[in-house]
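> Sharing upload-v1.tsv below, TSV, C-alpha atoms:
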```tsv
chain	number	residue	atom	x	y	z
Q	22	MET	CA	92.54	76.59	38.49
Q	23	ASP	CA	96.24	77.27	38.87
Q	24	ILE	CA	95.51	80.72	40.40
Q	25	LEU	CA	93.11	79.21	42.94
Q	26	LEU	CA	95.72	76.67	43.99
Q	27	LYS	CA	98.35	79.41	44.46
Q	28	ARG	CA	95.93	81.46	46.57
Q	29	ALA	CA	95.09	78.43	48.71
Q	30	VAL	CA	98.80	77.76	49.30
Q	31	LEU	CA	99.37	81.42	50.28
Q	32	ILE	CA	96.41	81.34	52.68
Q	33	LEU	CA	97.61	78.11	54.30
Q	34	ASP	CA	101.15	79.49	54.58
Q	35	GLY	CA	99.77	82.60	56.30
Q	36	ILE	CA	97.73	80.49	58.74
Q	37	ILE	CA	100.79	78.38	59.62
Q	38	LYS	CA	102.92	81.50	60.26
Q	39	LEU	CA	100.16	83.04	62.39
Q	40	ASN	CA	99.85	79.85	64.43
Q	41	LYS	CA	103.63	79.76	65.06
Q	42	ASN	CA	103.57	83.37	66.25
Q	43	LEU	CA	100.64	82.71	68.59
Q	44	ASN	CA	102.48	79.75	70.12
Q	45	LYS	CA	105.53	81.94	70.77
Q	46	MET	CA	103.31	84.49	72.52
Q	47	LYS	CA	101.87	81.90	74.90
Q	48	LYS	CA	104.07	81.92	77.96
Q	49	GLU	CA	103.99	79.82	81.04
Q	50	LEU	CA	102.27	81.60	83.91
Q	51	LEU	CA	104.85	82.22	86.65
Q	52	ILE	CA	103.54	82.93	90.13
Q	53	PRO	CA	105.60	85.10	92.51
Q	54	PHE	CA	106.34	83.74	95.99
Q	55	SER	CA	108.24	85.04	98.98
Q	56	GLY	CA	109.36	81.96	100.86
Q	57	LYS	CA	106.25	79.76	101.09
Q	58	THR	CA	103.80	82.65	100.67
Q	59	MET	CA	102.19	83.48	97.34
Q	60	LEU	CA	102.41	87.16	96.41
Q	61	GLY	CA	99.53	89.02	94.83
Q	62	LYS	CA	101.66	90.62	92.14
Q	63	PHE	CA	105.27	91.30	91.09
Q	64	TYR	CA	106.39	93.51	93.94
Q	65	THR	CA	109.72	95.06	92.96
Q	66	TRP	CA	110.82	95.88	96.50
Q	67	ILE	CA	110.70	92.28	97.73
Q	68	LYS	CA	114.25	91.02	97.31
Q	69	ASN	CA	114.00	87.28	97.95
Q	70	LYS	CA	111.05	86.44	95.73
Q	71	THR	CA	111.00	83.33	93.60
Q	72	PHE	CA	108.75	82.33	90.73
Q	73	LYS	CA	106.96	79.00	90.65
Q	74	SER	CA	105.27	77.42	87.70
Q	75	GLY	CA	101.51	77.97	87.46
Q	76	ILE	CA	100.85	74.31	86.66
Q	77	PRO	CA	97.63	73.01	88.28
Q	78	PHE	CA	98.08	70.80	91.33
Q	79	TYR	CA	96.09	68.61	93.72
Q	80	ASP	CA	96.13	69.53	97.42
Q	81	THR	CA	94.06	69.97	100.56
Q	82	LEU	CA	93.90	73.63	101.55
Q	83	GLU	CA	92.59	75.16	104.75
Q	84	TYR	CA	91.12	78.63	105.22
Q	85	THR	CA	93.40	80.61	107.55
Q	86	ASP	CA	92.76	84.35	107.24
Q	87	TYR	CA	91.53	87.24	105.15
Q	88	ASP	CA	92.77	90.75	104.42
Q	89	MET	CA	90.80	93.78	103.27
Q	90	GLY	CA	92.84	95.89	100.89
Q	91	SER	CA	91.83	99.28	99.53
Q	92	ARG	CA	89.58	97.66	96.90
Q	93	THR	CA	89.61	93.90	97.35
Q	94	LEU	CA	89.11	91.23	99.94
Q	95	THR	CA	91.82	88.58	99.81
Q	96	VAL	CA	91.39	85.18	101.43
Q	97	TYR	CA	94.37	83.08	102.53
Q	98	LEU	CA	94.44	79.30	102.22
Q	99	LYS	CA	97.22	77.14	103.63
Q	100	SER	CA	98.44	73.78	102.39
Q	101	LEU	CA	99.48	70.97	104.72
Q	102	ASN	CA	103.07	71.53	103.50
Q	103	GLY	CA	102.98	75.11	104.83
Q	104	THR	CA	102.53	77.00	101.58
Q	105	THR	CA	100.10	79.93	101.82
Q	106	TYR	CA	98.04	80.91	98.78
Q	107	ARG	CA	95.99	84.02	98.04
Q	108	MET	CA	92.50	83.91	96.58
Q	109	PHE	CA	90.16	86.70	95.56
Q	110	TYR	CA	86.95	86.67	97.57
Q	111	SER	CA	84.95	86.34	94.34
Q	112	GLU	CA	86.72	82.98	93.77
Q	113	PHE	CA	86.45	81.96	97.43
Q	114	ASN	CA	82.72	82.70	97.50
Q	115	LYS	CA	82.21	79.98	94.85
Q	116	ILE	CA	83.86	77.28	97.00
Q	117	LEU	CA	82.53	78.42	100.38
Q	118	PRO	CA	79.61	75.91	100.45
Q	119	GLN	CA	82.04	73.05	99.74
Q	120	LEU	CA	84.34	73.68	102.71
Q	121	ILE	CA	84.30	70.97	105.38
Q	122	GLU	CA	85.70	72.22	108.68
Q	123	GLY	CA	87.44	75.01	106.74
Q	124	LYS	CA	89.21	72.60	104.36
Q	125	LEU	CA	88.79	71.62	100.73
Q	126	SER	CA	90.64	69.00	98.68
Q	127	GLY	CA	90.84	69.15	94.93
Q	128	ASN	CA	92.65	70.48	91.90
Q	129	TRP	CA	93.89	74.04	92.11
Q	130	GLY	CA	95.28	76.43	89.53
Q	131	PHE	CA	96.22	80.06	89.14
Q	132	ARG	CA	94.77	83.01	87.29
Q	133	ASN	CA	96.16	86.42	86.43
Q	134	HIS	CA	93.61	89.21	86.50
Q	135	ALA	CA	94.90	92.67	85.58
Q	136	GLY	CA	98.37	91.92	86.96
Q	137	HIS	CA	97.10	90.35	90.18
Q	138	PHE	CA	97.46	86.63	90.82
Q	139	THR	CA	94.80	84.48	92.45
Q	140	LEU	CA	94.34	80.84	93.25
Q	141	THR	CA	91.33	79.22	91.62
Q	142	TYR	CA	89.55	75.95	92.38
Q	143	LEU	CA	89.38	73.58	89.41
Q	144	GLY	CA	87.27	70.87	91.01
Q	145	LYS	CA	87.79	67.37	92.39
```
As structure tokens, how would this structure be written, given the file I've shared?

Amino acid sequence: MDILLKRAVLILDGIIKLNKNLNKMKKELLIPFSGKTMLGKFYTWIKNKTFKSGIPFYDTLEYTDYDMGSRTLTVYLKSLNGTTYRMFYSEFNKILPQLIEGKLSGNWGFRNHAGHFTLTYLGK
């Protein structure tokens, strides 16, 4: 019985240490911006970039433009406060039926996919 108790304590101790290490690895998602425009990734040549917290937010965004890159279609959405966000077309395609006069209000967040940042719609 004493050996089983010692093993259980060692297992629990290992789980606690693993959990602490996983929490250290979790970092806040920082989104690169140049002025009020969201950047698609960490461009090293842009001098005046800032990083904003990737905390979800509520806003009304309006479709403004799109851009066809070498492999992806990026859609641009603009907030009433003038901030421009980037969204992958695969994300935009999901919200397209919900747009009213090119606008959509709701909760928004960010995602990092293979080093590229995109806005994502979280719902009302």
> Looking at Q:Ser126, Q:Asn69, Q:Thr105, Q:Thr141, which one is nearest to Q:Asp86, with distances taken over only C-alpha atoms?
Q:Thr105
> How would you write as a count of residues only the residues that get within 10 Å of (90.7, 90.3, 103.7) in the file's frame, counting all atoms listed in the file?
15
> Can you measure atom CA of Q:Thr71 to atom CA of Q:Leu98 for me? One decimal in Å is fine.
19.1 Å
> Find, counting only C-alpha atoms, the residue in Q:Ile116, Q:Ile76, Q:Ile67, Q:Leu25 that gets nearest to Q:Leu50.
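Distance minimum relative to Q:Leu50 lands on Q:Ile76.
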> I'd like the contact shell of Q:Phe131 - 12 Å cut-off, only C-alpha atoms, skipping same-chain residues fewer than 4 positions apart - returned as a list in words.
Glu49, Leu50, Leu51, Ile52, Pro53, Met59, Leu60, Gly61, Lys73, Ser74, Gly75, Ile76, Pro77, Phe78, Tyr106, Arg107, Met108, Phe109, Glu112, His137, Phe138, Thr139, Leu140, Thr141, Tyr142 and Leu143 of chain Q
> With 12 Å as the threshold, what does the neighbourhood of (86.4, 65.7, 95.3) contain in terms of residues, counting all atoms listed in the file? Coordinates are those of the file; answer as JSON, numbers by chain.
{"Q": [79, 80, 81, 116, 119, 120, 121, 124, 125, 126, 127, 128, 129, 142, 143, 144, 145]}
> Report, in Å to a single decimal, how far apart atom CA of Q:Tyr64 and atom CA of Q:Lys99 are.
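A separation of 21.1 Å between them.
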> Looking at Q:Thr104, Q:His134, Q:Arg28, Q:Thr85, which one is nearest to Q:Gly56, with distances taken over only C-alpha atoms?
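Using only C-alpha atoms, Q:Gly56 sits closest to Q:Thr104.
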